[in-house]
Amino acid sequence: MVKEKNRAEKAISYKKPENNSHNILKLNSMSQLSDVRMETKKLSVQYGDHYGVKDVSIPVYNKQVTALIGPSGCGKTTFLRALNRMHELNRNIKVSGEVLLDGENIYGDKVNPVIIRRKIGMVFQKPTPFPIMSIFDNVVAGLKLTGTRDKRYLNEVCEKALSQAALFNEVKDRLNTPGGKLSGGQQQRLSIARALAIEPEVILMDEPTSSLDPLSSMKIEELINELKEKYSIVIVTHNMQQASRVSDTTAFFYMGELIEYDSTNKIFTNPENRKTENYITGKFG
């Protein structure tokens, strides 16, 4: 809390004229960051005549964590779901613009959405284990769906994914027990292990600790810091302290628009837009 207050005081002491160029990238302080793994260009999502997000253009850097922040209903989750074509499951939603993964538009006519969802894994707000299915089968479910049956290979993948999710040592003697019997925090790490088992390039996380106790949340944050050594991660969070702890870059959304995007340190200590400053310092949201 003291740490957050210090950030707020720094932001309050810094006043600049409001910048109305909401969707222009603020990359001046990030020119030395690693290469871009994913990038959106004028990405918009429409629900009928209503825009959930409009003309959002930001990069996602390789082996970095990008945090999406903003008040409820501002478009964070809508934007996140557009990054692996999840909106296609609803015919009433229209997505326009581009999402580039390693330079290729994932919305291209010849791109298979199933393959995209393997490359871009998703972890939801609430843990999503298959409750009756065993821990082992939960982890390798994606591989089995694509026809993988080699038991030795599946065992290796299961152990590796659970180890990456910092869960293997806790469950190695009960891999045949139902995933639904794990604690909430363990179930979330199991969900992460399932996403890791298919070897994605990018991991999307939609408020992955919002339903967890503080200790479980801390373990997930530690896990995120470990996973970014190999993966690019995009996380939606309402927790400003969490965003400051785990992310390298931050995008602030408001009313479906990208208001400001920059390094997390700059967003929290020296924001350029008045709306960003007001949100970070708790004046709304």
# chains A, B, ... in the order shown; residues from 1 in each chain; ligands from 1
>>> closest_atom_pairs(of="stretch 61-84 of chain A", to="stretch 43-49 of chain A", cutoff="10 Å", atoms="only C-alpha atoms", output="Markdown table")
| residue | atom | partner | partner_atom | distance |
| --- | --- | --- | --- | --- |
| A:Gly75 | CA | A:Val45 | CA | 9.1 |
| A:Thr78 | CA | A:Val45 | CA | 7.3 |
| A:Phe79 | CA | A:Val45 | CA | 7.5 |
| A:Arg81 | CA | A:Val45 | CA | 9.8 |
| A:Ala82 | CA | A:Val45 | CA | 7.6 |
| A:Leu83 | CA | A:Leu43 | CA | 9.5 |
>>> write_last_selection(atoms="N, CA and C atoms", output="CSV table (one decimal), in the first residue's frame")
chain,number,residue,atom,x,y,z
A,75,GLY,N,-13.0,-2.5,-22.1
A,75,GLY,CA,-12.6,-3.2,-23.3
A,75,GLY,C,-11.4,-4.1,-23.1
A,78,THR,N,-12.3,-7.8,-23.8
A,78,THR,CA,-12.7,-7.8,-25.2
A,78,THR,C,-11.5,-7.8,-26.1
A,79,PHE,N,-10.5,-6.9,-25.8
A,79,PHE,CA,-9.3,-6.8,-26.6
A,79,PHE,C,-8.5,-8.1,-26.4
A,81,ARG,N,-9.5,-11.2,-25.8
A,81,ARG,CA,-10.1,-12.3,-26.5
A,81,ARG,C,-9.9,-12.2,-28.0
A,82,ALA,N,-9.7,-11.0,-28.5
A,82,ALA,CA,-9.5,-10.8,-29.9
A,82,ALA,C,-8.1,-11.3,-30.3
A,83,LEU,N,-7.2,-11.4,-29.4
A,83,LEU,CA,-5.9,-11.8,-29.7
A,83,LEU,C,-5.7,-13.3,-30.1
>>> residues_around(residues="A:Phe284", least_positions_apart="5", cutoff="12 Å", atoms="only C-alpha atoms", output="PyMOL selection string")
chain A and resi 70-72+254+274-279
>>> closest_residue(among="A:Ala193, A:Leu154, A:Cys74, A:Val36", to="A:Pro129", atoms="only C-alpha atoms")
A:Ala193
>>> residues_around(residues="A:Val236", least_positions_apart="4", cutoff="6 Å", atoms="only C-alpha atoms", output="PyMOL selection string")
chain A and resi 67-68+206-207
>>> write_last_selection(atoms="N, CA and C atoms", output="PDB file, in the first residue's frame")
ATOM      1  N   ALA A  67       0.626  -5.608 -19.398  1.00  0.00           N
ATOM      2  CA  ALA A  67      -0.572  -5.521 -18.565  1.00  0.00           C
ATOM      3  C   ALA A  67      -1.606  -4.631 -19.230  1.00  0.00           C
ATOM      4  N   LEU A  68      -2.861  -5.065 -19.202  1.00  0.00           N
ATOM      5  CA  LEU A  68      -3.983  -4.264 -19.682  1.00  0.00           C
ATOM      6  C   LEU A  68      -4.757  -3.802 -18.461  1.00  0.00           C
ATOM      7  N   ASP A 206      -6.592 -13.617 -18.245  1.00  0.00           N
ATOM      8  CA  ASP A 206      -7.677 -12.693 -17.930  1.00  0.00           C
ATOM      9  C   ASP A 206      -7.920 -12.683 -16.428  1.00  0.00           C
ATOM     10  N   GLU A 207      -7.326 -11.716 -15.733  1.00  0.00           N
ATOM     11  CA  GLU A 207      -7.445 -11.601 -14.276  1.00  0.00           C
ATOM     12  C   GLU A 207      -7.232 -12.953 -13.583  1.00  0.00           C
TER      13      GLU A 207
END
>>> residues_around(residues="stretch 105-111 of chain A", least_positions_apart="3", cutoff="9 Å", atoms="only C-alpha atoms", output="list in words")
Leu83, Asn84, Arg85, Val95, Ser96, Gly97, Glu98, Val99, Leu100, Leu101, Asp102, Val114, Ile115 and Ile116 of chain A
>>> residues_around(residues="A:Pro200", least_positions_apart="3", cutoff="10 Å", atoms="only C-alpha atoms", output="PyMOL selection string")
chain A and resi 115-122+195-197+203+231-232
>>> closest_residue(among="A:His50, A:Lys181, A:Arg189, A:Lys76", to="A:Ile235", atoms="only C-alpha atoms")
A:Lys76
>>> closest_residue(among="A:Leu89, A:Val246, A:Leu258, A:Leu143", to="A:Thr40", atoms="only C-alpha atoms")
A:Leu258
>>> select_by_dssp(residues="stretch 103-161 of chain A", states="helix (DSSP H, G or I)", output="PDB file with C-alpha atoms, in the first residue's frame")
ATOM      1  CA  PRO A 113      -8.103 -20.590 -35.858  1.00  0.00           C
ATOM      2  CA  VAL A 114      -7.466 -23.932 -34.130  1.00  0.00           C
ATOM      3  CA  ILE A 115      -3.750 -23.627 -34.845  1.00  0.00           C
ATOM      4  CA  ILE A 116      -3.819 -20.002 -33.659  1.00  0.00           C
ATOM      5  CA  ARG A 117      -5.355 -21.026 -30.348  1.00  0.00           C
ATOM      6  CA  ARG A 118      -2.552 -23.522 -29.882  1.00  0.00           C
ATOM      7  CA  LYS A 119       0.041 -20.816 -30.487  1.00  0.00           C
ATOM      8  CA  ILE A 135      -4.855 -34.131 -13.177  1.00  0.00           C
ATOM      9  CA  PHE A 136      -2.848 -35.957 -15.824  1.00  0.00           C
ATOM     10  CA  ASP A 137      -5.670 -35.913 -18.381  1.00  0.00           C
ATOM     11  CA  ASN A 138      -6.364 -32.239 -17.645  1.00  0.00           C
ATOM     12  CA  VAL A 139      -2.816 -31.314 -18.584  1.00  0.00           C
ATOM     13  CA  VAL A 140      -2.627 -33.343 -21.806  1.00  0.00           C
ATOM     14  CA  ALA A 141      -6.233 -32.785 -22.932  1.00  0.00           C
ATOM     15  CA  GLY A 142      -5.194 -30.477 -25.783  1.00  0.00           C
ATOM     16  CA  LEU A 143      -2.662 -32.957 -27.117  1.00  0.00           C
ATOM     17  CA  LYS A 144      -5.140 -35.841 -26.984  1.00  0.00           C
ATOM     18  CA  LEU A 145      -7.678 -33.769 -28.900  1.00  0.00           C
ATOM     19  CA  LYS A 151       1.938 -42.543 -23.442  1.00  0.00           C
ATOM     20  CA  ARG A 152       5.637 -41.892 -22.837  1.00  0.00           C
ATOM     21  CA  TYR A 153       5.482 -38.580 -24.676  1.00  0.00           C
ATOM     22  CA  LEU A 154       2.326 -37.535 -22.809  1.00  0.00           C
ATOM     23  CA  ASN A 155       3.981 -38.378 -19.489  1.00  0.00           C
ATOM     24  CA  GLU A 156       6.972 -36.222 -20.376  1.00  0.00           C
ATOM     25  CA  VAL A 157       4.765 -33.314 -21.449  1.00  0.00           C
ATOM     26  CA  CYS A 158       2.641 -33.588 -18.298  1.00  0.00           C
ATOM     27  CA  GLU A 159       5.641 -33.492 -15.979  1.00  0.00           C
ATOM     28  CA  LYS A 160       7.249 -30.619 -17.879  1.00  0.00           C
ATOM     29  CA  ALA A 161       4.066 -28.520 -17.965  1.00  0.00           C
TER      30      ALA A 161
END
>>> atom_distance(atom1="atom CA of A:Arg174", atom2="atom CA of A:Ile198")
21.9 Å
>>> select_by_dssp(residues="stretch 44-272 of chain A", states="strand (DSSP E)", output="number ranges by chain")
A: 44-47, 50-56, 59-61, 65-69, 93-101, 104-105, 120-123, 202-206, 232-236, 249-254, 257-263
>>> residues_around(residues="A:Thr264", least_positions_apart="5", cutoff="7 Å", atoms="only C-alpha atoms", output="PDB file with C-alpha atoms, in the first residue's frame")
ATOM      1  CA  SER A 244       3.427  -2.779 -11.392  1.00  0.00           C
ATOM      2  CA  SER A 247       4.534  -6.291 -16.160  1.00  0.00           C
ATOM      3  CA  ASP A 248       7.136  -4.630 -18.357  1.00  0.00           C
ATOM      4  CA  THR A 249       4.695  -2.575 -20.433  1.00  0.00           C
ATOM      5  CA  THR A 250       1.187  -1.344 -19.633  1.00  0.00           C
TER       6      THR A 250
END
>>> atom_distance(atom1="atom CA of A:Gly256", atom2="atom CA of A:Pro271")
19.0 Å
>>> atom_distance(atom1="atom CA of A:Tyr61", atom2="atom CA of A:Asp35")
5.7 Å
